[in-house]
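Everything on this sheet refers to the single structure shown next.
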Amino acid sequence: MTIKQLSIFIENKSGTLIKVLDMLSKANIQIIASTIADTKDYGIYRLLTNDSAQAYLILKESGINVQLSDVIALSIDDEPGRAANAVKQISDAGVSILYLYSFVWKGKGVLVFRTDQSEKAKETIMLNKFSFLTEKDFQ
């Protein structure tokens with residue numbers, strides 16, 4: 001029910017992001033979705049790929065500060081209000097969302113979120129019959 005997300009810590013200076021992107025491109029790794037949260041000195045580049053394990057190894061071996069974490073990816077209809085409804089149901093169940101981002105994949109909306117209550121989140125997903133994506137869906 002969870003998928004692996006890469007979190008890459010990169011300096012806020014010219015050329016650091018392209019270095020990461022070039023490495024992944026040369027390894028034929030497809031970026032499915034990404035987001036950057038920045039501070040003054042560095043950014044956290046979070047991304048989903050078609051091969052998170054291989055991407056992790058390539059970046060780690062190159063000295064890039066990278067971590068793998070479990071996130072949940074819900075598949076929802078790409079219609080107004082669907083994301084709000086899903087987040088409300090998760091929140092109403094008492095599951096805290098640490099961060100969230102979204103994108104469209106094969107005609108469906110995808111909500112990616114991280115929680116520190118993964119068992120409760122999984123139970124909520126099953127009880128509400130949410131569709132979720134696995135890493136195989138991105139290969």
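Ligands are numbered from 1 in the order shown, chains are lettered A, B, ... in the order of the structure tokens, and residues start at 1 in each chain.
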Give the strand (DSSP E or B) residues of chain A, as assigned by DSSP on the backbone, as a PyMOL selection string.
-> chain A and resi 2-11+31-38+42-49+65-77+99-105+108-114+131-132
Keeping only C-alpha atoms, write the selected residues to a file as a PDB file, in the first residue's frame.
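And here is the file that came out, selection_4.pdb:
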ATOM      1  CA  THR A   2       3.001   2.297   0.385  1.00  0.00           C
ATOM      2  CA  ILE A   3       5.491   3.327  -2.242  1.00  0.00           C
ATOM      3  CA  LYS A   4       9.068   4.500  -1.939  1.00  0.00           C
ATOM      4  CA  GLN A   5       9.811   8.174  -2.360  1.00  0.00           C
ATOM      5  CA  LEU A   6      13.280   9.634  -2.733  1.00  0.00           C
ATOM      6  CA  SER A   7      14.138  12.713  -0.694  1.00  0.00           C
ATOM      7  CA  ILE A   8      17.267  14.427  -1.941  1.00  0.00           C
ATOM      8  CA  PHE A   9      18.947  17.232  -0.018  1.00  0.00           C
ATOM      9  CA  ILE A  10      20.504  19.684  -2.446  1.00  0.00           C
ATOM     10  CA  GLU A  11      22.175  23.030  -2.015  1.00  0.00           C
ATOM     11  CA  ILE A  31      10.609  10.755 -12.883  1.00  0.00           C
ATOM     12  CA  ILE A  32       6.892  10.273 -12.310  1.00  0.00           C
ATOM     13  CA  ALA A  33       6.331  13.240  -9.967  1.00  0.00           C
ATOM     14  CA  SER A  34       8.474  15.660  -8.023  1.00  0.00           C
ATOM     15  CA  THR A  35       8.311  18.603  -5.684  1.00  0.00           C
ATOM     16  CA  ILE A  36      10.881  20.874  -4.087  1.00  0.00           C
ATOM     17  CA  ALA A  37      10.577  22.453  -0.653  1.00  0.00           C
ATOM     18  CA  ASP A  38      13.306  24.997  -0.132  1.00  0.00           C
ATOM     19  CA  TYR A  42      19.159  23.938   0.654  1.00  0.00           C
ATOM     20  CA  GLY A  43      16.147  22.237  -0.847  1.00  0.00           C
ATOM     21  CA  ILE A  44      14.447  18.922  -0.293  1.00  0.00           C
ATOM     22  CA  TYR A  45      13.697  17.432  -3.686  1.00  0.00           C
ATOM     23  CA  ARG A  46      11.081  14.699  -3.272  1.00  0.00           C
ATOM     24  CA  LEU A  47      10.351  12.443  -6.182  1.00  0.00           C
ATOM     25  CA  LEU A  48       8.679   9.268  -7.345  1.00  0.00           C
ATOM     26  CA  THR A  49      10.370   7.307 -10.090  1.00  0.00           C
ATOM     27  CA  ASN A  65      22.482  12.961   0.289  1.00  0.00           C
ATOM     28  CA  VAL A  66      19.370  10.875  -0.435  1.00  0.00           C
ATOM     29  CA  GLN A  67      16.848   8.987   1.662  1.00  0.00           C
ATOM     30  CA  LEU A  68      14.051   6.557   0.874  1.00  0.00           C
ATOM     31  CA  SER A  69      10.766   6.904   2.724  1.00  0.00           C
ATOM     32  CA  ASP A  70       7.357   5.284   2.556  1.00  0.00           C
ATOM     33  CA  VAL A  71       4.483   7.391   1.285  1.00  0.00           C
ATOM     34  CA  ILE A  72       0.923   6.586   0.294  1.00  0.00           C
ATOM     35  CA  ALA A  73      -0.388   7.324  -3.199  1.00  0.00           C
ATOM     36  CA  LEU A  74      -4.155   7.404  -3.560  1.00  0.00           C
ATOM     37  CA  SER A  75      -5.762   7.234  -6.971  1.00  0.00           C
ATOM     38  CA  ILE A  76      -8.838   9.437  -7.250  1.00  0.00           C
ATOM     39  CA  ASP A  77     -11.099  10.615 -10.036  1.00  0.00           C
ATOM     40  CA  TYR A  99       2.936  16.711   3.715  1.00  0.00           C
ATOM     41  CA  LEU A 100       1.033  16.116   0.504  1.00  0.00           C
ATOM     42  CA  TYR A 101       1.450  16.715  -3.210  1.00  0.00           C
ATOM     43  CA  SER A 102      -0.600  15.693  -6.198  1.00  0.00           C
ATOM     44  CA  PHE A 103      -0.372  15.023  -9.906  1.00  0.00           C
ATOM     45  CA  VAL A 104      -2.320  13.356 -12.709  1.00  0.00           C
ATOM     46  CA  TRP A 105      -1.305   9.875 -13.866  1.00  0.00           C
ATOM     47  CA  LYS A 108      -6.529   9.824 -12.618  1.00  0.00           C
ATOM     48  CA  GLY A 109      -5.633  12.234  -9.866  1.00  0.00           C
ATOM     49  CA  VAL A 110      -2.953  11.011  -7.479  1.00  0.00           C
ATOM     50  CA  LEU A 111      -2.560  12.257  -3.910  1.00  0.00           C
ATOM     51  CA  VAL A 112       0.801  11.425  -2.388  1.00  0.00           C
ATOM     52  CA  PHE A 113       1.130  11.929   1.327  1.00  0.00           C
ATOM     53  CA  ARG A 114       3.311  11.007   4.244  1.00  0.00           C
ATOM     54  CA  SER A 131      -7.818   3.023  -4.609  1.00  0.00           C
ATOM     55  CA  PHE A 132      -4.095   3.224  -4.075  1.00  0.00           C
TER      56      PHE A 132
END
Could you state the separation of atom CA of A:Asp41 and atom CA of A:Lys60 in Å, given to one decimal place?
-> 20.7 Å
Which is closer to A:Lys122 than all the others in A:Ala27, A:Ile90, A:Leu98, A:Leu21, using only C-alpha atoms?
->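 Closest to A:Lys122 of all the choices is A:Ile90.
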Pick out the residues sitting within 12 Å of A:Asp92, and hand them over as a CSV table (one decimal) with N, CA and C atoms, in the first residue's frame; count only C-alpha atoms, and ignore anything fewer than 6 positions along from it in its own chain.
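File written: selection.csv
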chain,number,residue,atom,x,y,z
A,84,ALA,N,-10.3,17.0,-2.0
A,84,ALA,CA,-10.8,17.5,-0.7
A,84,ALA,C,-11.6,16.5,0.1
A,85,ASN,N,-12.4,15.7,-0.7
A,85,ASN,CA,-13.1,14.6,0.0
A,85,ASN,C,-12.2,13.6,0.6
A,86,ALA,N,-11.2,13.2,-0.2
A,86,ALA,CA,-10.2,12.2,0.3
A,86,ALA,C,-9.5,12.7,1.6
A,120,LYS,N,-2.8,3.3,10.9
A,120,LYS,CA,-4.1,3.9,10.9
A,120,LYS,C,-4.5,4.4,9.6
A,121,ALA,N,-3.6,5.0,8.8
A,121,ALA,CA,-3.9,5.4,7.4
A,121,ALA,C,-4.3,4.2,6.6
A,124,THR,N,-7.8,3.2,7.4
A,124,THR,CA,-8.7,4.2,6.8
A,124,THR,C,-8.9,4.0,5.3
A,128,ASN,N,-12.5,3.0,3.8
A,128,ASN,CA,-13.1,3.9,2.8
A,128,ASN,C,-13.1,3.4,1.4
If you count only C-alpha atoms, the residue of A:Gly94, A:Gly107, A:Gly63, A:Gly81 closest to A:Met23 turns out to be A:Gly63
Which is closest to A:Ile29 among A:Gln139, A:Thr16, A:Glu61, A:Lys88, if we use only C-alpha atoms?
-> A:Gln139
What separation in Å, quoted to one decimal, exists between atom CA of A:Met1 and atom CA of A:Ile125?
->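 Answer for the atom CA of A:Met1 to atom CA of A:Ile125 separation: 9.2 Å.
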From a DSSP pass on the backbone, collect the residues of stretch 8-102 of chain A flagged as alpha helix (DSSP H) and hand them back as a PDB file with C-alpha atoms, in the first residue's frame.
ATOM      1  CA  THR A  16      22.924  21.126  -8.223  1.00  0.00           C
ATOM      2  CA  LEU A  17      19.474  20.099  -9.439  1.00  0.00           C
ATOM      3  CA  ILE A  18      20.622  19.469 -13.006  1.00  0.00           C
ATOM      4  CA  LYS A  19      23.374  17.174 -11.676  1.00  0.00           C
ATOM      5  CA  VAL A  20      20.723  14.957 -10.055  1.00  0.00           C
ATOM      6  CA  LEU A  21      18.454  15.077 -13.103  1.00  0.00           C
ATOM      7  CA  ASP A  22      21.328  14.179 -15.444  1.00  0.00           C
ATOM      8  CA  MET A  23      22.311  11.165 -13.333  1.00  0.00           C
ATOM      9  CA  LEU A  24      18.770   9.825 -13.354  1.00  0.00           C
ATOM     10  CA  SER A  25      18.368  10.497 -17.066  1.00  0.00           C
ATOM     11  CA  LYS A  26      21.591   8.671 -17.939  1.00  0.00           C
ATOM     12  CA  SER A  52      13.264   4.012  -6.696  1.00  0.00           C
ATOM     13  CA  ALA A  53      15.762   1.370  -5.549  1.00  0.00           C
ATOM     14  CA  GLN A  54      18.030   1.892  -8.563  1.00  0.00           C
ATOM     15  CA  ALA A  55      17.695   5.679  -8.344  1.00  0.00           C
ATOM     16  CA  TYR A  56      18.656   5.535  -4.667  1.00  0.00           C
ATOM     17  CA  LEU A  57      21.769   3.455  -5.369  1.00  0.00           C
ATOM     18  CA  ILE A  58      22.931   5.695  -8.209  1.00  0.00           C
ATOM     19  CA  LEU A  59      22.537   8.857  -6.181  1.00  0.00           C
ATOM     20  CA  LYS A  60      24.023   7.405  -2.989  1.00  0.00           C
ATOM     21  CA  GLU A  61      27.076   6.059  -4.846  1.00  0.00           C
ATOM     22  CA  ARG A  82     -12.310  14.577  -5.056  1.00  0.00           C
ATOM     23  CA  ALA A  83      -9.017  15.509  -3.400  1.00  0.00           C
ATOM     24  CA  ALA A  84     -10.805  17.534  -0.727  1.00  0.00           C
ATOM     25  CA  ASN A  85     -13.127  14.603   0.009  1.00  0.00           C
ATOM     26  CA  ALA A  86     -10.241  12.159   0.334  1.00  0.00           C
ATOM     27  CA  VAL A  87      -8.241  14.451   2.612  1.00  0.00           C
ATOM     28  CA  LYS A  88     -11.348  15.101   4.736  1.00  0.00           C
ATOM     29  CA  GLN A  89     -12.009  11.385   5.210  1.00  0.00           C
ATOM     30  CA  ILE A  90      -8.386  10.758   6.166  1.00  0.00           C
ATOM     31  CA  SER A  91      -8.362  13.724   8.529  1.00  0.00           C
ATOM     32  CA  ASP A  92     -11.729  12.787  10.072  1.00  0.00           C
TER      33      ASP A  92
END
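As for atom CA of A:Lys40 and atom CA of A:Ile64, they are spaced 19.0 Å apart.
Closest approach to A:Asp137 among A:Val95, A:Ser62, A:Asp78, A:Asn50 is made by A:Asn50 (distances from only C-alpha atoms).
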